[in-house]
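Below is one structure; the comments refer to it alone.
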Amino acid sequence: MTAVQLSRRGIPSVLIDGSGRMGRGVAYATTESVHLLNVPSAKMSAWPDRPSDFAEWLGDDGTAFAERRVFGRYLESILKGAEGMRLIEGRVIGAERVGESWCLQLEQGEVLTTSAVVLASGNQAPAPLSVANGLPADLFVNNPWSDEAHEAIARVAADGGDVLVLGTGLTTIDTVLSLIAAGHRGRIVALSRRGLLPRTHAPHEPAPVERSELPSGDLVALWRWVRRRSAEVGFRGAVDSLRPHSSALWQAFGAGGERRFLRHARPWWDVHRHRIAPQIGRQLQQLVASGQLTVMAGRLQSLSDDGGELVASIRARGQDRVRDHRFGVAFNCTGPLGEMARTTDPLLRQLLADEQVRPDHLGIGLAVDERNRAGEGIWAVGPLTKGRYWEIVAVPDIRGQVADVADELARELGQ
Ligand SMILES: Cc1cc2nc3c(=O)[nH]c(=O)nc-3n(C[C@H](O)[C@H](O)[C@H](O)COP(=O)(O)OP(=O)(O)OC[C@H]3O[C@@H](n4cnc5c(N)ncnc54)[C@H](O)[C@@H]3O)c2cc1C
């Protein structure tokens, strides 16, 4: 989206992607029809000034939860239509500031010189869990978006073993849907500390609020406001009404309040804010009712390999006793990497080591200023900037940010 915004402004760009799925990223590279968008088509346009573009492209009335792979095709069509852009399939492994320019080193050996760099590296694979140290990769799959994960799903569906999924959020739901689509008949246990599943979308009246009506800088007061408002207009209306104010509210918390939010409020916020398509909600209900899916609140104490079977010691929430459960495989669906210091991306590691960029104050992404600058001649967008904005992972938020960055680059580069 950044590259096409630059193209609109007549700024030539090089779009470099090392995943082999140019322009799609983790979210939209899925090839599975069961993986749906969690946002209705009316809100998924790539263009902030043409909000119905995706719904029109799709040919629906804006209410559909389209397949994510179809959204990937939409992004590709936008990319194809843009001019002045070079696409390079490859990984950037280093970047050096030389005078007013950047020299980018590609894994294949090529070196590129550019006037500016925009980092849009997105969601990174989860950090390895220490509880899974030493386990063979066929028993514990750390990256649920990898080819290894697809192979493990096919294998366990064929074997009929039980599956442990760590986490109960959107990635877990993707994995459960993939397992069922692959014909898996064994049990699936989804485990998280609180056992909260994302809520479903449902029609509701918008209930907009002014920023001045909202408590500022006080997490507990805001929480009470959301509860009160939810009782009046329903949680969907209440939660959605905060969207236009989310980054201002986030910043008003200050670092201490933001940390408290991440520690205590985030699980509840995530399940009410990032809702799933109604048809997926119904499917999950059926899986729970049939006993195939168990959503469990508890703590994983240990994992071990017992002759090719995975033994998980779990303490259910509110109980003292730790019980052993046996599985054919486990998937880490606890979410993307949340600690910038642990990134394995060679480019980010080098930029951080050279202090060309630095982690944000929470250590969850990169520090950027109010114009999304991460350093001299370098910008960051999307999930990398969540320390500053928090709500900057979904398309409706990112599209405005990248248009702003393109404006800024046009000014910087005198175009
Ligand atoms: C499973 C999933 C489902 C989602 N569903 C929705 C949804 O329904 N609606 C919604 O609005 N949002 C959704 N999101 C949010 C999603 O993150 C954003 O919509 C968006 O994909 C983020 O875009 P991005 O370009 O910043 O990062 P990404 O889409 O993650 O793309 C980053 C790309 O950069 C590449 N890369 C990273 N480092 C390098 C390097 N050093 N060299 C070369 N290439 C590199 C990566 O391989 C990747 O291909 C979902 C996210 C996930 C993970």
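Identifiers in this document derive from the order of the structure tokens: chains are assigned A, B, ..., residues are numbered from 1 separately in each chain, and ligands are numbered from 1 in order of occurrence.
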Would you please extract all alpha helix (DSSP H) residues from region 145-221 of chain A, as assigned by DSSP on the backbone, and give them as a PDB file with N, CA, C and O atoms, in the first residue's frame?
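Below you can see out-v6.pdb, which holds the result:
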ATOM      1  N   ASP A 147       5.427 -23.335   6.393  1.00  0.00           N
ATOM      2  CA  ASP A 147       5.154 -24.569   5.637  1.00  0.00           C
ATOM      3  C   ASP A 147       5.148 -25.773   6.581  1.00  0.00           C
ATOM      4  O   ASP A 147       4.374 -26.720   6.393  1.00  0.00           O
ATOM      5  N   GLU A 148       6.013 -25.726   7.615  1.00  0.00           N
ATOM      6  CA  GLU A 148       6.073 -26.835   8.578  1.00  0.00           C
ATOM      7  C   GLU A 148       4.713 -27.007   9.272  1.00  0.00           C
ATOM      8  O   GLU A 148       4.286 -28.115   9.564  1.00  0.00           O
ATOM      9  N   ALA A 149       4.054 -25.867   9.518  1.00  0.00           N
ATOM     10  CA  ALA A 149       2.728 -25.938  10.172  1.00  0.00           C
ATOM     11  C   ALA A 149       1.722 -26.640   9.251  1.00  0.00           C
ATOM     12  O   ALA A 149       0.954 -27.497   9.695  1.00  0.00           O
ATOM     13  N   HIS A 150       1.766 -26.299   7.956  1.00  0.00           N
ATOM     14  CA  HIS A 150       0.833 -26.952   7.017  1.00  0.00           C
ATOM     15  C   HIS A 150       1.095 -28.451   6.967  1.00  0.00           C
ATOM     16  O   HIS A 150       0.158 -29.261   6.946  1.00  0.00           O
ATOM     17  N   GLU A 151       2.384 -28.818   6.964  1.00  0.00           N
ATOM     18  CA  GLU A 151       2.729 -30.250   6.910  1.00  0.00           C
ATOM     19  C   GLU A 151       2.251 -30.964   8.169  1.00  0.00           C
ATOM     20  O   GLU A 151       1.711 -32.070   8.111  1.00  0.00           O
ATOM     21  N   ALA A 152       2.433 -30.296   9.318  1.00  0.00           N
ATOM     22  CA  ALA A 152       2.021 -30.914  10.595  1.00  0.00           C
ATOM     23  C   ALA A 152       0.504 -31.094  10.628  1.00  0.00           C
ATOM     24  O   ALA A 152       0.000 -32.097  11.143  1.00  0.00           O
ATOM     25  N   ILE A 153      -0.225 -30.123  10.075  1.00  0.00           N
ATOM     26  CA  ILE A 153      -1.696 -30.223  10.045  1.00  0.00           C
ATOM     27  C   ILE A 153      -2.105 -31.428   9.187  1.00  0.00           C
ATOM     28  O   ILE A 153      -2.944 -32.242   9.588  1.00  0.00           O
ATOM     29  N   ALA A 154      -1.481 -31.561   8.022  1.00  0.00           N
ATOM     30  CA  ALA A 154      -1.823 -32.696   7.133  1.00  0.00           C
ATOM     31  C   ALA A 154      -1.489 -34.018   7.827  1.00  0.00           C
ATOM     32  O   ALA A 154      -2.276 -34.980   7.765  1.00  0.00           O
ATOM     33  N   ARG A 155      -0.350 -34.033   8.516  1.00  0.00           N
ATOM     34  CA  ARG A 155       0.100 -35.273   9.168  1.00  0.00           C
ATOM     35  C   ARG A 155      -0.861 -35.688  10.289  1.00  0.00           C
ATOM     36  O   ARG A 155      -1.314 -36.823  10.346  1.00  0.00           O
ATOM     37  N   VAL A 156      -1.191 -34.737  11.159  1.00  0.00           N
ATOM     38  CA  VAL A 156      -2.019 -35.104  12.309  1.00  0.00           C
ATOM     39  C   VAL A 156      -3.457 -35.410  11.858  1.00  0.00           C
ATOM     40  O   VAL A 156      -4.136 -36.260  12.448  1.00  0.00           O
ATOM     41  N   ALA A 157      -3.889 -34.743  10.785  1.00  0.00           N
ATOM     42  CA  ALA A 157      -5.236 -35.049  10.269  1.00  0.00           C
ATOM     43  C   ALA A 157      -5.274 -36.487   9.748  1.00  0.00           C
ATOM     44  O   ALA A 157      -6.265 -37.198   9.927  1.00  0.00           O
ATOM     45  N   ALA A 158      -4.168 -36.919   9.136  1.00  0.00           N
ATOM     46  CA  ALA A 158      -4.114 -38.290   8.614  1.00  0.00           C
ATOM     47  C   ALA A 158      -3.971 -39.302   9.758  1.00  0.00           C
ATOM     48  O   ALA A 158      -4.608 -40.357   9.745  1.00  0.00           O
ATOM     49  N   ASP A 159      -3.148 -38.955  10.778  1.00  0.00           N
ATOM     50  CA  ASP A 159      -2.901 -39.881  11.911  1.00  0.00           C
ATOM     51  C   ASP A 159      -4.085 -39.971  12.863  1.00  0.00           C
ATOM     52  O   ASP A 159      -4.259 -40.966  13.549  1.00  0.00           O
ATOM     53  N   LEU A 170      -7.041 -15.233  17.326  1.00  0.00           N
ATOM     54  CA  LEU A 170      -7.341 -15.383  15.895  1.00  0.00           C
ATOM     55  C   LEU A 170      -6.451 -16.424  15.214  1.00  0.00           C
ATOM     56  O   LEU A 170      -6.902 -17.137  14.319  1.00  0.00           O
ATOM     57  N   THR A 171      -5.185 -16.530  15.638  1.00  0.00           N
ATOM     58  CA  THR A 171      -4.291 -17.507  15.005  1.00  0.00           C
ATOM     59  C   THR A 171      -4.729 -18.925  15.360  1.00  0.00           C
ATOM     60  O   THR A 171      -4.666 -19.846  14.541  1.00  0.00           O
ATOM     61  N   THR A 172      -5.190 -19.091  16.583  1.00  0.00           N
ATOM     62  CA  THR A 172      -5.717 -20.397  16.994  1.00  0.00           C
ATOM     63  C   THR A 172      -6.923 -20.760  16.127  1.00  0.00           C
ATOM     64  O   THR A 172      -7.046 -21.896  15.650  1.00  0.00           O
ATOM     65  N   ILE A 173      -7.791 -19.797  15.911  1.00  0.00           N
ATOM     66  CA  ILE A 173      -8.985 -20.080  15.105  1.00  0.00           C
ATOM     67  C   ILE A 173      -8.584 -20.483  13.693  1.00  0.00           C
ATOM     68  O   ILE A 173      -9.110 -21.453  13.138  1.00  0.00           O
ATOM     69  N   ASP A 174      -7.617 -19.782  13.118  1.00  0.00           N
ATOM     70  CA  ASP A 174      -7.105 -20.174  11.795  1.00  0.00           C
ATOM     71  C   ASP A 174      -6.636 -21.629  11.810  1.00  0.00           C
ATOM     72  O   ASP A 174      -6.924 -22.397  10.888  1.00  0.00           O
ATOM     73  N   THR A 175      -5.881 -21.981  12.843  1.00  0.00           N
ATOM     74  CA  THR A 175      -5.309 -23.335  12.911  1.00  0.00           C
ATOM     75  C   THR A 175      -6.413 -24.377  13.073  1.00  0.00           C
ATOM     76  O   THR A 175      -6.391 -25.429  12.423  1.00  0.00           O
ATOM     77  N   VAL A 176      -7.393 -24.075  13.923  1.00  0.00           N
ATOM     78  CA  VAL A 176      -8.515 -25.008  14.112  1.00  0.00           C
ATOM     79  C   VAL A 176      -9.251 -25.208  12.776  1.00  0.00           C
ATOM     80  O   VAL A 176      -9.543 -26.335  12.365  1.00  0.00           O
ATOM     81  N   LEU A 177      -9.501 -24.105  12.067  1.00  0.00           N
ATOM     82  CA  LEU A 177     -10.228 -24.199  10.789  1.00  0.00           C
ATOM     83  C   LEU A 177      -9.414 -24.998   9.767  1.00  0.00           C
ATOM     84  O   LEU A 177      -9.971 -25.787   8.996  1.00  0.00           O
ATOM     85  N   SER A 178      -8.093 -24.794   9.765  1.00  0.00           N
ATOM     86  CA  SER A 178      -7.235 -25.552   8.837  1.00  0.00           C
ATOM     87  C   SER A 178      -7.282 -27.040   9.170  1.00  0.00           C
ATOM     88  O   SER A 178      -7.326 -27.886   8.269  1.00  0.00           O
ATOM     89  N   LEU A 179      -7.256 -27.354  10.468  1.00  0.00           N
ATOM     90  CA  LEU A 179      -7.301 -28.771  10.876  1.00  0.00           C
ATOM     91  C   LEU A 179      -8.612 -29.418  10.404  1.00  0.00           C
ATOM     92  O   LEU A 179      -8.601 -30.511   9.832  1.00  0.00           O
ATOM     93  N   ILE A 180      -9.714 -28.722  10.631  1.00  0.00           N
ATOM     94  CA  ILE A 180     -11.015 -29.292  10.251  1.00  0.00           C
ATOM     95  C   ILE A 180     -11.090 -29.430   8.725  1.00  0.00           C
ATOM     96  O   ILE A 180     -11.530 -30.450   8.200  1.00  0.00           O
ATOM     97  N   ALA A 181     -10.591 -28.402   8.012  1.00  0.00           N
ATOM     98  CA  ALA A 181     -10.627 -28.470   6.547  1.00  0.00           C
ATOM     99  C   ALA A 181      -9.756 -29.611   6.027  1.00  0.00           C
ATOM    100  O   ALA A 181     -10.037 -30.179   4.970  1.00  0.00           O
ATOM    101  N   LEU A 219      -6.618   4.239  32.805  1.00  0.00           N
ATOM    102  CA  LEU A 219      -7.088   2.965  32.264  1.00  0.00           C
ATOM    103  C   LEU A 219      -8.341   2.466  32.988  1.00  0.00           C
ATOM    104  O   LEU A 219      -9.308   2.038  32.350  1.00  0.00           O
ATOM    105  N   VAL A 220      -8.324   2.573  34.320  1.00  0.00           N
ATOM    106  CA  VAL A 220      -9.458   2.043  35.082  1.00  0.00           C
ATOM    107  C   VAL A 220     -10.725   2.839  34.756  1.00  0.00           C
ATOM    108  O   VAL A 220     -11.795   2.263  34.545  1.00  0.00           O
ATOM    109  N   ALA A 221     -10.578   4.168  34.660  1.00  0.00           N
ATOM    110  CA  ALA A 221     -11.752   5.006  34.356  1.00  0.00           C
ATOM    111  C   ALA A 221     -12.271   4.689  32.950  1.00  0.00           C
ATOM    112  O   ALA A 221     -13.489   4.604  32.730  1.00  0.00           O
TER     113      ALA A 221
END
Test item: residues lying within 7 Å of ligand 1 with only C-alpha atoms and all ligand atoms, as a ChimeraX atom specification: /A:16-19,21-28,36-39,44,68,90-93,120-123,171,345-347,381-383,393-396
Using only C-alpha atoms, which protein or nucleic acid residues come within 8 Å of Arg69 (chain A)? Drop anything in the same chain fewer than 4 positions from it, and give the result as an mmCIF file with N, CA and C atoms, in the first residue's frame.
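Here's the written file around_25.cif:
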data_model
loop_
_atom_site.group_PDB
_atom_site.id
_atom_site.type_symbol
_atom_site.label_atom_id
_atom_site.label_comp_id
_atom_site.auth_asym_id
_atom_site.auth_seq_id
_atom_site.Cartn_x
_atom_site.Cartn_y
_atom_site.Cartn_z
ATOM 1 N N TYR A 28 -2.501 -12.542 4.093
ATOM 2 C CA TYR A 28 -3.262 -12.730 2.837
ATOM 3 C C TYR A 28 -2.589 -13.710 1.887
ATOM 4 N N ALA A 29 -1.538 -14.385 2.385
ATOM 5 C CA ALA A 29 -0.870 -15.402 1.564
ATOM 6 C C ALA A 29 -1.536 -16.761 1.745
ATOM 7 N N THR A 30 -2.452 -16.864 2.694
ATOM 8 C CA THR A 30 -3.114 -18.161 2.897
ATOM 9 C C THR A 30 -3.811 -18.600 1.604
ATOM 10 N N THR A 31 -3.745 -19.892 1.335
ATOM 11 C CA THR A 31 -4.413 -20.411 0.134
ATOM 12 C C THR A 31 -5.734 -21.082 0.506
ATOM 13 N N GLU A 32 -6.077 -21.037 1.791
ATOM 14 C CA GLU A 32 -7.244 -21.794 2.263
ATOM 15 C C GLU A 32 -8.522 -20.960 2.263
ATOM 16 N N SER A 33 -9.575 -21.546 1.686
ATOM 17 C CA SER A 33 -10.841 -20.803 1.598
ATOM 18 C C SER A 33 -11.468 -20.587 2.973
ATOM 19 N N HIS A 35 -10.084 -19.467 5.611
ATOM 20 C CA HIS A 35 -9.531 -18.297 6.311
ATOM 21 C C HIS A 35 -10.189 -17.021 5.784
ATOM 22 N N ARG A 73 -5.591 -11.230 -3.622
ATOM 23 C CA ARG A 73 -5.686 -10.961 -5.074
ATOM 24 C C ARG A 73 -6.000 -9.487 -5.326
#
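For Gly167 (chain A), the non-local neighbours within 9 Å, defined as residues at least 4 positions apart in the same chain or in other chains and counting only C-alpha atoms, are Thr171, Thr172, Ala190, Leu191, Ser192, Arg193, Gly195, Phe331, Asn332, Cys333, Thr334 and Gly335 of chain A.
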Non-local contacts of Ile364 (chain A) (12 Å; only C-alpha atoms; under 6 positions in same chain excluded) as a count of residues only: 22
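Using only C-alpha atoms, the nearest neighbour of Ile88 (chain A) within the list A:Gly308, A:Gly20, A:Pro203, A:Pro126 is A:Gly20.
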For region 263-275 of chain A: contacts at 7 Å, only C-alpha atoms, fewer than 3 positions along chain excluded, given as a PyMOL selection string: chain A and resi 38+197-201+239+259-260
Write a file of the just-selected residues containing C-alpha atoms, as a short mmCIF file (atom, residue, chain, number, x, y, z; two decimals), in the first residue's frame.
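Below you can see out_37.cif, which holds the result:
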data_model
loop_
_atom_site.label_atom_id
_atom_site.label_comp_id
_atom_site.auth_asym_id
_atom_site.auth_seq_id
_atom_site.Cartn_x
_atom_site.Cartn_y
_atom_site.Cartn_z
CA ASN A 38 -12.20 -10.51 10.25
CA LEU A 197 -12.25 -16.72 22.41
CA PRO A 198 -12.77 -13.74 20.08
CA ARG A 199 -16.37 -12.54 19.96
CA THR A 200 -18.33 -12.57 16.71
CA HIS A 201 -19.42 -9.71 14.50
CA VAL A 239 -15.72 -0.79 21.57
CA ARG A 259 2.14 -1.43 30.34
CA ARG A 260 -0.83 -1.94 32.67
#
Non-local contacts of Gly375 (chain A) (7 Å; only C-alpha atoms; under 4 positions in same chain excluded) as a ChimeraX atom specification: /A:356-357,379
For the selection just defined, write its residues with N, CA and C atoms to a file, as a PDB file, in the first residue's frame.
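Generated file (result_19.pdb):
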ATOM      1  N   GLN A 356      20.586   2.856  14.176  1.00  0.00           N
ATOM      2  CA  GLN A 356      19.911   3.632  13.122  1.00  0.00           C
ATOM      3  C   GLN A 356      18.423   3.734  13.452  1.00  0.00           C
ATOM      4  N   VAL A 357      17.913   2.711  14.144  1.00  0.00           N
ATOM      5  CA  VAL A 357      16.543   2.726  14.671  1.00  0.00           C
ATOM      6  C   VAL A 357      16.645   2.212  16.100  1.00  0.00           C
ATOM      7  N   TRP A 379      11.578   5.297   7.622  1.00  0.00           N
ATOM      8  CA  TRP A 379      10.228   5.338   8.190  1.00  0.00           C
ATOM      9  C   TRP A 379       9.798   3.904   8.533  1.00  0.00           C
TER      10      TRP A 379
END
Nearest candidate to Glu96 (chain A) (options A:Leu300, A:Ala353, A:Ile398, A:Leu164; using only C-alpha atoms): A:Ala353
Point-to-point distance in Å for CA of Asn372 (chain A) and CA of Trp250 (chain A): 16.1 Å
All strand (DSSP E) residues (DSSP, backbone) inside region 168-386 of chain A, as a PyMOL selection string: chain A and resi 188-192+293-306+309-316+322-327+329-332+373-375+378-380
Using only C-alpha atoms: which of A:Ile276, A:Met1, A:Ala255, A:Ala207 has the shortest distance to Asp240 (chain A):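 Closest candidate: A:Ala207.
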Point-to-point distance from CA of Gln283 (chain A) to CA of Gly328 (chain A), Å rounded to tenths: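 Rounded to one decimal, the two atoms are 23.2 Å apart.
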